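Visitor: Could you have a look at this structure, given as structure tokens, before my questions?
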Amino acid sequence: MLSVAEALARITGAFAPLPAETVSLANALGRTLAEDVVARVTQPPAAVSAMDGYAVRAADVGAVPARLRVIGEAPAGGAHDGTVGAGEAVRIFTGGPLPADADAIIIQEDTERDGDTVVVKEAVAAGTYVRPAGLDFRMGDVGITAGRLLGARDIGLAAAMNHPWLRVRRRPRVAILATGDEVVLPGDPLGPNQIVSSNGFSLSAFVEACGGQPLHLGIAGDDQATLADMVSGARGTDLLVSSGGVSVGDHDLVGRVLGEQGMELDFWKIAMRPGKPLLFGRVGGTPVLGLPGNPVSALVCATLFLRPALAAMLGRSEPEGAHETAILGTDLAANDRRQDYLRARLSIDSAGRRCATPFPRQDSSMLATLAHADCLIVRPPLAHPAKAGDVVDIVPLSGGILGI
Ligand code: AMP
Ligand code: MG
């Protein structure tokens, strides 16, 4: 059986960044930047005031109180055209351009106005409350690097850098197919022995949260003809993700049907839990990721393999192999040969450390515990028994702009 690391390397190695497209800033949230954003302006373009007050020559207010003659005004968006001479001041507002020969701002609260005269009550050093030209960034500076998942702060910075449009990666189109005679869509009539399908919806949401465009194909029954028919709905997409039907049971037909359609199989089983049956291959040029049917296995495998596949298509700079750690909240028994991912809650212990406590029962059908979990505790193959207080690797269950 393949290790998780080997399976991940094979999957991410099979995808390359998709072509770029242009979107307006209003449509850029959650997209992945395809080209660096380079400032087209210098900000601020010239020295400006950081406060409401008076622009002065610091040398004039060395001894206070100092009386200065107010010779003009510099509001934001306006300017005082003349210079500030000895004994002079210009009334200035936040964002107002610093007049020539002034070198400091006295805040309004430290002054008293008396007609054309301002009395300055506090001395200041040169440069006080002055924002020099280019304080934020200069024309030509790289503000955001390609591969970044764009959030509100990035969009603000791109706007400030004078970019109304951005080059982003096309969203990966991901066809999602649930399988099983026993599963029906939420809200549909439930026959005897049937259950409600969650995988199509969780996986569609997952794809969207990771920046992809899901195409929910529906549910294929456990017969070869329907399955073959529905698989054809994935034509033209960047990836087909199925759930269920990849195990070794008599009704697990996904591998067989894909095989008949000429699938080049890469691998079918990996040494992990939950999610031993995981199929990866390519049918007619379209990569296929066959996830297990159990709702927890499907989503844990999506977290470990689908998300990096989407990141590879988006050219996203995700830290390779980055892991976080936490303190174990309970003892754990030794592990077998499969890498284990335990649903756990995070809390802060009395020493202020982040603590991960697994749910007592880890059955892969229990979707509620996955929904309530904050992280997965990673137990490597053949791990020795672990004690409460030991440091363990975790996979946090959040991320993406929308959260997963
Ligand atoms: P399978 O891999 O098809 O044998 O499915 C494994 C388990 O997952 C079975 O108990 C199925 O009923 C369940 N399952 C399969 N597909 C779904 C789905 N779309 N939603 C919820 N449970 C599912
Ligand atoms: Mg099934």
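Order determines the names: the first chain of the structure tokens is A, the second B, and so forth; residues in each chain are numbered 1 upward, and ligands are numbered 1 upward as they are shown.
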If the limit is 7 Å from any atom of ligand 2, counting only C-alpha atoms and all ligand atoms, which residues qualify? Return them as an NGL selection string.

Guide: :A and (179-180 or 222 or 244-245 or 251-252 or 293)

Visitor: Given the selection you just returned, output its residues as a file containing N, CA, C and O atoms, formatted as an mmCIF file, in the first residue's frame.

Guide:
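See out16.cif below for the written result:
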```cif
data_model
loop_
_atom_site.group_PDB
_atom_site.id
_atom_site.type_symbol
_atom_site.label_atom_id
_atom_site.label_comp_id
_atom_site.auth_asym_id
_atom_site.auth_seq_id
_atom_site.Cartn_x
_atom_site.Cartn_y
_atom_site.Cartn_z
ATOM 1 N N THR A 179 -22.090 8.033 -5.546
ATOM 2 C CA THR A 179 -22.571 6.732 -6.028
ATOM 3 C C THR A 179 -23.252 5.972 -4.899
ATOM 4 O O THR A 179 -22.974 6.210 -3.729
ATOM 5 N N GLY A 180 -24.105 5.070 -5.288
ATOM 6 C CA GLY A 180 -24.719 4.173 -4.304
ATOM 7 C C GLY A 180 -26.216 4.069 -4.491
ATOM 8 O O GLY A 180 -26.894 5.089 -4.620
ATOM 9 N N ASP A 222 -25.744 1.821 -8.257
ATOM 10 C CA ASP A 222 -24.675 0.831 -8.361
ATOM 11 C C ASP A 222 -24.911 -0.113 -9.540
ATOM 12 O O ASP A 222 -25.053 -1.330 -9.358
ATOM 13 N N GLY A 244 -17.543 6.920 -3.033
ATOM 14 C CA GLY A 244 -18.143 5.599 -2.879
ATOM 15 C C GLY A 244 -17.777 4.677 -4.032
ATOM 16 O O GLY A 244 -17.211 5.109 -5.051
ATOM 17 N N GLY A 245 -18.066 3.395 -3.830
ATOM 18 C CA GLY A 245 -17.891 2.418 -4.913
ATOM 19 C C GLY A 245 -16.452 2.107 -5.282
ATOM 20 O O GLY A 245 -16.194 1.558 -6.348
ATOM 21 N N HIS A 251 -20.517 -4.443 -4.992
ATOM 22 C CA HIS A 251 -21.213 -3.312 -5.618
ATOM 23 C C HIS A 251 -20.292 -2.128 -5.857
ATOM 24 O O HIS A 251 -20.739 -1.038 -6.180
ATOM 25 N N ASP A 252 -19.015 -2.315 -5.634
ATOM 26 C CA ASP A 252 -18.057 -1.224 -5.817
ATOM 27 C C ASP A 252 -17.550 -1.234 -7.252
ATOM 28 O O ASP A 252 -16.613 -1.943 -7.605
ATOM 29 N N GLY A 293 -16.584 6.176 0.174
ATOM 30 C CA GLY A 293 -17.971 6.624 0.342
ATOM 31 C C GLY A 293 -18.304 7.130 1.730
ATOM 32 O O GLY A 293 -19.153 8.010 1.882
#
```

Visitor: Could you tell me, counting only C-alpha atoms and all ligand atoms, which protein and nucleic acid residues lie no more than 9 Å from ligand 1, written as an MDAnalysis selection string?

Guide: chainID A and resid 177:185 194:201 219 222 243:249 251:253 277 291:298 364:365 367

Visitor: Contacts of Met263 in chain A at 10 Å or less, counting only C-alpha atoms, minus same-chain residues fewer than 6 places along, as a list in words?

Guide: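 The residues satisfying every condition are Gly255, Arg256, Val257, Phe280, Gly281, Arg282, Val283, Gly284, Gly285, Thr286, Pro287 and Val288 of chain A.
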
Visitor: Next, the residues of the selection above should be written as a PDB file, in the first residue's frame with N, CA, C and O atoms.

Guide:
```pdb
ATOM      1  N   GLY A 255     -14.099   1.557 -10.066  1.00  0.00           N
ATOM      2  CA  GLY A 255     -12.840   1.147 -10.706  1.00  0.00           C
ATOM      3  C   GLY A 255     -13.096   0.351 -11.980  1.00  0.00           C
ATOM      4  O   GLY A 255     -12.452   0.568 -13.005  1.00  0.00           O
ATOM      5  N   ARG A 256     -14.083  -0.566 -11.900  1.00  0.00           N
ATOM      6  CA  ARG A 256     -14.386  -1.427 -13.059  1.00  0.00           C
ATOM      7  C   ARG A 256     -14.874  -0.584 -14.243  1.00  0.00           C
ATOM      8  O   ARG A 256     -14.396  -0.724 -15.359  1.00  0.00           O
ATOM      9  N   VAL A 257     -15.824   0.319 -13.954  1.00  0.00           N
ATOM     10  CA  VAL A 257     -16.401   1.137 -15.027  1.00  0.00           C
ATOM     11  C   VAL A 257     -15.332   2.048 -15.643  1.00  0.00           C
ATOM     12  O   VAL A 257     -15.222   2.173 -16.862  1.00  0.00           O
ATOM     13  N   PHE A 280      -6.734   6.871  -7.911  1.00  0.00           N
ATOM     14  CA  PHE A 280      -6.283   8.013  -8.708  1.00  0.00           C
ATOM     15  C   PHE A 280      -5.841   7.518 -10.071  1.00  0.00           C
ATOM     16  O   PHE A 280      -5.117   6.533 -10.187  1.00  0.00           O
ATOM     17  N   GLY A 281      -6.334   8.171 -11.096  1.00  0.00           N
ATOM     18  CA  GLY A 281      -5.979   7.780 -12.450  1.00  0.00           C
ATOM     19  C   GLY A 281      -6.394   8.848 -13.425  1.00  0.00           C
ATOM     20  O   GLY A 281      -6.614  10.010 -13.057  1.00  0.00           O
ATOM     21  N   ARG A 282      -6.518   8.440 -14.683  1.00  0.00           N
ATOM     22  CA  ARG A 282      -6.839   9.391 -15.737  1.00  0.00           C
ATOM     23  C   ARG A 282      -7.697   8.684 -16.776  1.00  0.00           C
ATOM     24  O   ARG A 282      -7.342   7.591 -17.217  1.00  0.00           O
ATOM     25  N   VAL A 283      -8.835   9.270 -17.105  1.00  0.00           N
ATOM     26  CA  VAL A 283      -9.702   8.684 -18.136  1.00  0.00           C
ATOM     27  C   VAL A 283      -9.854   9.698 -19.257  1.00  0.00           C
ATOM     28  O   VAL A 283     -10.341  10.806 -19.026  1.00  0.00           O
ATOM     29  N   GLY A 284      -9.458   9.298 -20.459  1.00  0.00           N
ATOM     30  CA  GLY A 284      -9.595  10.186 -21.622  1.00  0.00           C
ATOM     31  C   GLY A 284      -9.027  11.570 -21.347  1.00  0.00           C
ATOM     32  O   GLY A 284      -9.624  12.575 -21.710  1.00  0.00           O
ATOM     33  N   GLY A 285      -7.907  11.632 -20.671  1.00  0.00           N
ATOM     34  CA  GLY A 285      -7.252  12.915 -20.425  1.00  0.00           C
ATOM     35  C   GLY A 285      -7.718  13.621 -19.154  1.00  0.00           C
ATOM     36  O   GLY A 285      -7.093  14.578 -18.722  1.00  0.00           O
ATOM     37  N   THR A 286      -8.832  13.156 -18.566  1.00  0.00           N
ATOM     38  CA  THR A 286      -9.326  13.810 -17.338  1.00  0.00           C
ATOM     39  C   THR A 286      -8.847  13.038 -16.110  1.00  0.00           C
ATOM     40  O   THR A 286      -9.125  11.840 -15.986  1.00  0.00           O
ATOM     41  N   PRO A 287      -8.151  13.721 -15.199  1.00  0.00           N
ATOM     42  CA  PRO A 287      -7.762  13.028 -13.963  1.00  0.00           C
ATOM     43  C   PRO A 287      -8.999  12.648 -13.149  1.00  0.00           C
ATOM     44  O   PRO A 287     -10.002  13.372 -13.173  1.00  0.00           O
ATOM     45  N   VAL A 288      -8.927  11.519 -12.473  1.00  0.00           N
ATOM     46  CA  VAL A 288     -10.031  11.042 -11.631  1.00  0.00           C
ATOM     47  C   VAL A 288      -9.509  10.753 -10.237  1.00  0.00           C
ATOM     48  O   VAL A 288      -8.495  10.073 -10.078  1.00  0.00           O
TER      49      VAL A 288
END
```

Visitor: Just the number, please: distance in Å from CA of Gly329 in chain A to CA of Met272 in chain A, one decimal.

Guide: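 Between these atoms lies a distance of 22.2 Å.
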
Visitor: Give me the residues near Gly211 in chain A as a CSV table (one decimal) with N, CA, C and O atoms, in the first residue's frame, where near means some atom within 8 Å (using only C-alpha atoms) and where sequence neighbours in that chain fewer than 2 positions away do not count.

Guide:
```csv
chain,number,residue,atom,x,y,z
A,30,GLY,N,-11.2,35.4,-3.3
A,30,GLY,CA,-11.2,34.0,-3.3
A,30,GLY,C,-10.5,33.4,-4.6
A,30,GLY,O,-10.3,32.2,-4.7
A,31,ARG,N,-10.1,34.3,-5.5
A,31,ARG,CA,-9.3,33.9,-6.7
A,31,ARG,C,-7.9,33.8,-6.3
A,31,ARG,O,-7.4,34.4,-5.3
A,32,THR,N,-7.1,33.1,-7.2
A,32,THR,CA,-5.7,33.0,-6.9
A,32,THR,C,-4.9,33.8,-8.0
A,32,THR,O,-5.1,33.7,-9.2
A,171,ARG,N,-10.7,29.1,-12.5
A,171,ARG,CA,-11.1,28.2,-11.5
A,171,ARG,C,-11.1,26.8,-12.0
A,171,ARG,O,-11.7,26.5,-13.1
A,172,PRO,N,-10.5,25.9,-11.3
A,172,PRO,CA,-10.6,24.5,-11.7
A,172,PRO,C,-12.0,24.0,-11.7
A,172,PRO,O,-12.8,24.2,-10.8
A,207,VAL,N,-14.8,22.1,-2.7
A,207,VAL,CA,-14.2,22.5,-4.0
A,207,VAL,C,-14.3,24.1,-4.1
A,207,VAL,O,-13.4,24.8,-4.4
A,208,GLU,N,-15.5,24.5,-3.8
A,208,GLU,CA,-15.7,26.0,-3.9
A,208,GLU,C,-14.9,26.7,-2.9
A,208,GLU,O,-14.3,27.8,-3.2
A,209,ALA,N,-14.8,26.2,-1.6
A,209,ALA,CA,-14.0,26.9,-0.6
A,209,ALA,C,-12.5,26.9,-1.0
A,209,ALA,O,-11.8,27.8,-0.5
A,213,GLN,N,-14.5,25.4,-9.1
A,213,GLN,CA,-15.9,25.5,-9.6
A,213,GLN,C,-16.5,24.1,-9.6
A,213,GLN,O,-16.2,23.3,-10.6
A,310,LEU,N,-6.1,21.0,-6.1
A,310,LEU,CA,-6.7,22.2,-6.5
A,310,LEU,C,-5.6,23.3,-6.4
A,310,LEU,O,-5.5,24.2,-7.3
A,400,GLY,N,-8.7,28.3,3.5
A,400,GLY,CA,-9.5,28.8,2.4
A,400,GLY,C,-10.2,30.1,2.8
A,400,GLY,O,-10.4,30.3,4.0
```

Visitor: Could you state the separation of CA of Asp223 in chain A and CA of Ile11 in chain A in Å, given to one decimal place?

Guide: 27.8 Å

Visitor: Considering only C-alpha atoms, can you say which of A:Arg273, A:Pro214, A:Leu370, A:Val130 comes closest to Leu239 in chain A?

Guide: A:Pro214
